[in-house]
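Below you'll find the structure, written out as structure tokens, and then a few comments.
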Amino acid sequence: MDEITGHIERITFQNPDNGWTVARLQEPRKQELTTVVGTMTSVQVGETVRCQGTWKNDTNFGFQFIVQEYKVEQPATIYGIQKYLGSGMIKGIGKHFAEQIVEKYGLKTLDVIEETPHLLMEDVDGIGPKRLEKIKSCWVEQKAIREVMVFLQGYGISPTYAQKVFKTYGEESIEVIKENPYQLARDIWGIGFKTADQTAQKMGIKKDSEIRIDAGVEYALNELANNGHTCFPVDKFLEKAHELLEVDSKLISDRLEFIQEEERIMIAPLQIEEQMTACVWLQVFHICEQGIGKEINRLQNTESELRSVESNKAIQYAEEKLSIQLASNQKLAVANSLSEKIHIITGGPGTGKSTITKVILQILGALTKEVLLAAPTGRAAKRMAEITKREAKTIHSLLEFDFSINGFRRNRDNALECELIIVDEASMIDTVLMYNLLKAIPDSARVIFVGDIDQLPSVGAGNVLMDLIDSDRIPVTKLTEIFRQAAHSKIITNAHKINAGQFPDISNDKAGDFFFIEEEDTQKMGELIADLVQNRLPKAYKFDSIKDIQVLSPMNRSIIGNRNLNQILQKKLNPSYEPLIKAGRTFHDRDKVMQIQNNYDKDVFNGDVGRIEKIDRSEQIVWVDFDNRRIEYDFADLDQLVLAYSCSIHKYQGSECPCVIVPIHTSHYMMLYRNLVYTGITRGKKMVIMVGSKKALYMSVKNDKVAKRFTGLKEVLKSLG
């Protein structure tokens with residue numbers, strides 16, 4: 001094998017899935033940059049690397065060095081040191097200070113920072129006590145992270161995770177991993193069981209060891225929860241666990257009993273399709289489902305402090321005040337909300353859910369000032385506030401998450417102060433969040449859930465709204481009649497047609513709000529979508545390409561999947577000559593981005609969409625604006641963000657955009673469900689454009705099979721009697 005050394009001048013491409021990297025290397029005493037290609041997930045601009053591999057003359061790209069192994073080293077040249085310090089690797093030193101420091105100390109620069117950092121304050125203008133402390137602490141941290149990085153690399157884990165591991169375990173990082181490498185899968189976002197398992201086996205942990213089986217069981221249950229299940233039939237679970245662990249199912253079954261004794265899981269019988277079946281839960285979901293049942297029971301069996309009103313007179317009063325006329329089904333929804341302690345209102349777009357909410361507030365708002373409005377997402381809460389002209393909060397904000405206790409401050413012992421609470425977009429509430437919400441509602445409060453049961457279920461585990469309705473435990477009003485005004489919108493009429501299993505009206509009318517552009521070629525579909533977003537729609541309808549248009553693709557992979565569409569749209573709408581490449585992702589200033597995991601510390605949640613406001617390489621910070629809230633991300637946390645010019649329908653649930661573009665193609669056959677397409681087109685407020693195949697649209701309309709979610713909540717509620 002050949003060997004070359006140099007510093008990374010720039011990173012041209014990096015695949016976030018496998019770390020495949022194309023970078024430009026500056027070798028000493030060479031004018032031309034060398035192209036290096038290979039799996040180099042951890043490398044950053046400015047770092048000095050020693051690469052082993054082979055040379056290849058590519059017909060398209062010329063000479064390339066194919067990296068088989070690499071090692072990050074301390075830079076040895078003045079230019080390399082300056083590039084390293086100026087890259088933002090050390091907080092407090094950006095390009096400006098890097099030039100000054102290297103000009104002063106030359107090749108001794110790194111020794112000065114290591115041994116006599118106080119000299120920086122004396123010799124370099126602009127470096128004061130605060131900046132010096134930041135440089136010193138970051139230098140020490142980087143050294144420790146480098147040790148963790150080398151250790152992880154030795155066991156096949158990408159050095160990308162070194163900073164996260166160090167932030168989680170501190171100076172004990174290496175000892176913690178040696179003691180139980182499977183903790184990595186549990187504690188470090190992005191490291192799955194398989195990666196931790198490879199590390200464990202390199203450390204000599206046997207395949208049939210108890211620690212491995214226990215970790216595999218919990219991992220498999222967490223993966224099932226990520227797919228929406230709160231529990232799973234034991235016999236089917238053993239098959240999945242056997243496939244993952246490749247050990248005798250009897251060994252796994254024996255460990256299930258032990259893990260249950262430790263109260264990490266629960267095994268209990270559950271009625272599935274009229275047959276009692278042994279099921280297994282992660283303990284948290286079993287506690288939450290049982291808890292939801294108890295809280296529903298408590299709320300239904302206590303009296304409301306709101307004085308009763310005669311519903312017909314109250315409705316007539318509200319109609320006069322709001323200058324509206326309710327349909328009979330809407331009047332029933334209001335009447336039930338005035339009489340029932342807990343009530344569910346469900347219906348599709350245009351059926352008047354928002355109007356009913358305003359009527360209820362008009363009536364009950366005159367009886368009490370203790371009214372709370374909430375929704376699962378920031379966008380949904382904002383829309384609720386705009387419609388009702390009252391304050392509305394996210395459920396997380398309402399419950400006051402406290403990072404210091406890793407839980408909500410509002411609970412049974414510190415209940416919310418309200419006599420009425422209305423929760424919108426209730427189909428999005430998962431099992432854990434519903435339990436925490438119900439716990440915090442006082443005995444005397446009246447509770448109204450509003451949502452569209454035909455939308456996709458929550459991203460988190462459970463199918464809570466559906467289970468509440470199917471249990472027959474809670475009064476439900478279903479709205480079916482479309483308002484006259486809404487009936488003129490083809491978005492709404494087509495949504496209802498799709499929901500009823502009928503093929504939508506895809507004839508195009510220039511004055512309409514729903515369009516279908518037929519295109520079978522996926523390559524041309526991608527080009528067409530980019531042209532619509534960048535040129536045609538802004539020109540014809542004055543839409544802002546980034547703010548007013550949202551592409552919603554059913555899948556992440558493929559030419560018309562979100563990842564590829566994001567790369568295309570980023571280059572078209574927001575090009576940059578100085579991209580930031582972190583965690584295999586490329587970010588530009590002003591990029592549209594989405595948070596992909598709940599982060600209670602930052603108060604941003606899975607599916608929240610924002611814009612990058614500023615990338616500060618010197619401080620290793622990215623500032624993101626989420627609806628006028630400025631959130632700070634350390635470079636190490638950027639794997640929580642993805643580009644959001646195009647995103648999945650599921651992630652965008654609860655949000656709306658003036659114009660929505662939905663690519664639909666037979667290559668998406670795995671995702672062509674009726675409720676997915678229905679949810680996608682109901683995200684568009686003013687315009688919906690579907691691009692693709694009529695056959696794919698037909699397939700999705702006819703496919704009413706909803707992906708099965710195993711949950712125990714319905715049976716818990718039924719058992720309350």
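In the structure tokens, the first chain shown is A, the next is B, and so on; residue numbers restart at 1 for each chain, and ligands run from 1 in the order shown.
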
Strand (DSSP E or B) call set, DSSP backbone run, range 511-642 of chain A, as a PyMOL selection string: chain A and resi 514-518+549-553+580-582+585-587+592-595+599+604+609-616+621-626+629-634+641-642

Could you list, as a list of chain:residue names, every residue within 8 Å of range 365-368 of chain A, counting only C-alpha atoms and ignoring same-chain residues fewer than 3 positions away?
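My list of contacting residues is A:Leu306, A:Arg307, A:Ile360, A:Leu361, A:Gln362, A:Val371, A:Glu419.
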
What separates CA of Ile529 in chain A and CA of Gly680 in chain A is a distance of 15.9 Å

With only C-alpha atoms counted and 12 Å as the cut-off, give the residues of range 589-623 of chain A in contact with range 183-196 of chain A, each with its shortest interatomic distance in Å and the pair that gives it, as CSV.
residue,atom,partner,partner_atom,distance
A:Ile596,CA,A:Trp189,CA,11.1
A:Gln597,CA,A:Trp189,CA,9.3
A:Asn598,CA,A:Trp189,CA,11.3
A:Asn599,CA,A:Trp189,CA,11.5

Using only C-alpha atoms, which residues sit within 8 Å of range 252-256 of chain A once same-chain residues fewer than 3 positions away are excluded, as a VMD selection string? chain A and resid 210 213 to 214 217 238 241 to 242 247 to 249 259 to 260 265

Shell around range 563-567 of chain A at 7 Å using only C-alpha atoms, local window under 2 positions removed, as a PyMOL selection string: chain A and resi 526+556-557+559-561+569-571+643-646

Which residues come within 8 Å of Ile649 in chain A, counting only C-alpha atoms, excluding same-chain residues fewer than 5 positions away, as a ChimeraX atom specification? /A:552-554,676,679-680

Selection: 9 Å around range 111-122 of chain A, only C-alpha atoms, excl. self and same-chain fewer than 2 positions, as a PyMOL selection string = chain A and resi 101+105+107-109+124-129+131-132+135-136+139-140

Export of prior selection with all heavy atoms as a short mmCIF file (atom, residue, chain, number, x, y, z; two decimals), in the first residue's frame:
data_model
loop_
_atom_site.label_atom_id
_atom_site.label_comp_id
_atom_site.auth_asym_id
_atom_site.auth_seq_id
_atom_site.Cartn_x
_atom_site.Cartn_y
_atom_site.Cartn_z
N ILE A 101 -1.83 34.16 15.67
CA ILE A 101 -1.11 33.25 16.57
C ILE A 101 0.03 32.55 15.82
O ILE A 101 1.17 32.47 16.31
CB ILE A 101 -2.08 32.21 17.17
CG1 ILE A 101 -3.08 32.91 18.10
CG2 ILE A 101 -1.33 31.14 17.95
CD1 ILE A 101 -4.25 32.03 18.54
N TYR A 105 4.07 32.60 16.62
CA TYR A 105 4.79 31.44 17.19
C TYR A 105 5.26 30.41 16.16
O TYR A 105 6.04 29.52 16.50
CB TYR A 105 3.90 30.72 18.22
CG TYR A 105 3.43 31.62 19.34
CD1 TYR A 105 2.08 31.89 19.51
CD2 TYR A 105 4.34 32.19 20.23
CE1 TYR A 105 1.64 32.72 20.54
CE2 TYR A 105 3.91 33.02 21.26
CZ TYR A 105 2.56 33.28 21.40
OH TYR A 105 2.13 34.09 22.42
N LEU A 107 6.06 27.31 14.05
CA LEU A 107 5.94 25.87 14.29
C LEU A 107 5.76 25.53 15.77
O LEU A 107 5.39 24.40 16.11
CB LEU A 107 7.17 25.14 13.74
CG LEU A 107 7.29 25.11 12.20
CD1 LEU A 107 8.64 24.53 11.79
CD2 LEU A 107 6.15 24.29 11.58
N LYS A 108 6.03 26.50 16.66
CA LYS A 108 5.88 26.24 18.10
C LYS A 108 4.45 26.53 18.60
O LYS A 108 4.17 26.42 19.78
CB LYS A 108 6.87 27.11 18.89
CG LYS A 108 8.33 26.77 18.63
CD LYS A 108 9.24 27.66 19.44
CE LYS A 108 10.71 27.33 19.19
NZ LYS A 108 11.61 28.23 19.95
N THR A 109 3.56 26.91 17.68
CA THR A 109 2.21 27.35 18.06
C THR A 109 1.50 26.34 18.95
O THR A 109 0.97 26.69 20.02
CB THR A 109 1.36 27.61 16.79
OG1 THR A 109 1.94 28.71 16.08
CG2 THR A 109 -0.08 27.93 17.16
N VAL A 124 -1.06 38.37 21.72
CA VAL A 124 -2.01 38.46 20.60
C VAL A 124 -3.13 39.44 20.94
O VAL A 124 -3.86 39.24 21.92
CB VAL A 124 -2.61 37.06 20.27
CG1 VAL A 124 -3.57 37.17 19.08
CG2 VAL A 124 -1.50 36.06 19.98
N ASP A 125 -3.25 40.49 20.14
CA ASP A 125 -4.30 41.49 20.36
C ASP A 125 -5.69 40.86 20.23
O ASP A 125 -5.95 40.12 19.27
CB ASP A 125 -4.19 42.63 19.33
CG ASP A 125 -2.97 43.51 19.59
OD1 ASP A 125 -2.47 43.48 20.73
OD2 ASP A 125 -2.54 44.21 18.65
N GLY A 126 -6.57 41.18 21.19
CA GLY A 126 -7.95 40.72 21.11
C GLY A 126 -8.24 39.49 21.94
O GLY A 126 -9.40 39.13 22.15
N ILE A 127 -7.19 38.81 22.41
CA ILE A 127 -7.41 37.64 23.26
C ILE A 127 -7.36 38.09 24.72
O ILE A 127 -6.29 38.43 25.25
CB ILE A 127 -6.38 36.53 23.00
CG1 ILE A 127 -6.55 35.97 21.58
CG2 ILE A 127 -6.53 35.39 24.02
CD1 ILE A 127 -5.65 34.82 21.22
N GLY A 128 -8.54 38.13 25.35
CA GLY A 128 -8.66 38.52 26.75
C GLY A 128 -8.87 37.29 27.62
O GLY A 128 -8.83 36.15 27.14
N PRO A 129 -9.13 37.51 28.92
CA PRO A 129 -9.29 36.39 29.87
C PRO A 129 -10.39 35.40 29.47
O PRO A 129 -10.19 34.19 29.55
CB PRO A 129 -9.63 37.09 31.19
CG PRO A 129 -9.08 38.47 31.04
CD PRO A 129 -9.20 38.81 29.60
N ARG A 131 -11.78 34.77 26.44
CA ARG A 131 -11.43 34.01 25.25
C ARG A 131 -10.33 33.00 25.56
O ARG A 131 -10.34 31.87 25.06
CB ARG A 131 -11.01 34.95 24.11
CG ARG A 131 -10.78 34.23 22.77
CD ARG A 131 -10.47 35.21 21.66
NE ARG A 131 -11.61 36.05 21.34
CZ ARG A 131 -12.59 35.70 20.51
NH1 ARG A 131 -12.55 34.52 19.91
NH2 ARG A 131 -13.59 36.52 20.27
N LEU A 132 -9.36 33.41 26.38
CA LEU A 132 -8.27 32.51 26.75
C LEU A 132 -8.80 31.27 27.48
O LEU A 132 -8.38 30.15 27.19
CB LEU A 132 -7.24 33.23 27.63
CG LEU A 132 -6.05 32.37 28.09
CD1 LEU A 132 -5.22 31.91 26.88
CD2 LEU A 132 -5.17 33.14 29.07
N ILE A 135 -10.36 28.97 25.01
CA ILE A 135 -9.34 28.26 24.22
C ILE A 135 -8.72 27.13 25.04
O ILE A 135 -8.57 26.00 24.57
CB ILE A 135 -8.26 29.24 23.73
CG1 ILE A 135 -8.85 30.22 22.71
CG2 ILE A 135 -7.07 28.49 23.13
CD1 ILE A 135 -7.94 31.39 22.36
N LYS A 136 -8.37 27.44 26.30
CA LYS A 136 -7.73 26.43 27.17
C LYS A 136 -8.65 25.24 27.41
O LYS A 136 -8.23 24.08 27.30
CB LYS A 136 -7.33 27.07 28.51
CG LYS A 136 -6.08 27.95 28.40
CD LYS A 136 -5.93 28.86 29.61
CE LYS A 136 -5.74 28.14 30.90
NZ LYS A 136 -5.52 29.08 32.03
N TRP A 139 -9.13 23.21 24.26
CA TRP A 139 -7.91 22.46 23.92
C TRP A 139 -7.82 21.17 24.75
O TRP A 139 -7.54 20.10 24.21
CB TRP A 139 -6.69 23.34 24.16
CG TRP A 139 -5.39 22.68 23.79
CD1 TRP A 139 -4.50 22.08 24.63
CD2 TRP A 139 -4.85 22.54 22.47
NE1 TRP A 139 -3.43 21.58 23.93
CE2 TRP A 139 -3.62 21.84 22.59
CE3 TRP A 139 -5.27 22.93 21.22
CZ2 TRP A 139 -2.82 21.55 21.50
CZ3 TRP A 139 -4.47 22.63 20.12
CH2 TRP A 139 -3.27 21.94 20.27
N VAL A 140 -8.10 21.29 26.05
CA VAL A 140 -8.07 20.12 26.94
C VAL A 140 -9.14 19.11 26.51
O VAL A 140 -8.89 17.90 26.45
CB VAL A 140 -8.29 20.54 28.41
CG1 VAL A 140 -8.49 19.32 29.31
CG2 VAL A 140 -7.12 21.37 28.91
#

_Would you pick out the contacts of Phe237 in chain A at 9 Å or less, using only C-alpha atoms, so that residues sharing its chain but fewer than 2 positions from it are not included, and give the list as a list in words?_
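What passes the distance filter is Val217, Ala220, Leu221, Phe232, Pro233, Val234, Asp235, Glu239, Lys240, Ala241, His242, Cys279 and Val280 of chain A.
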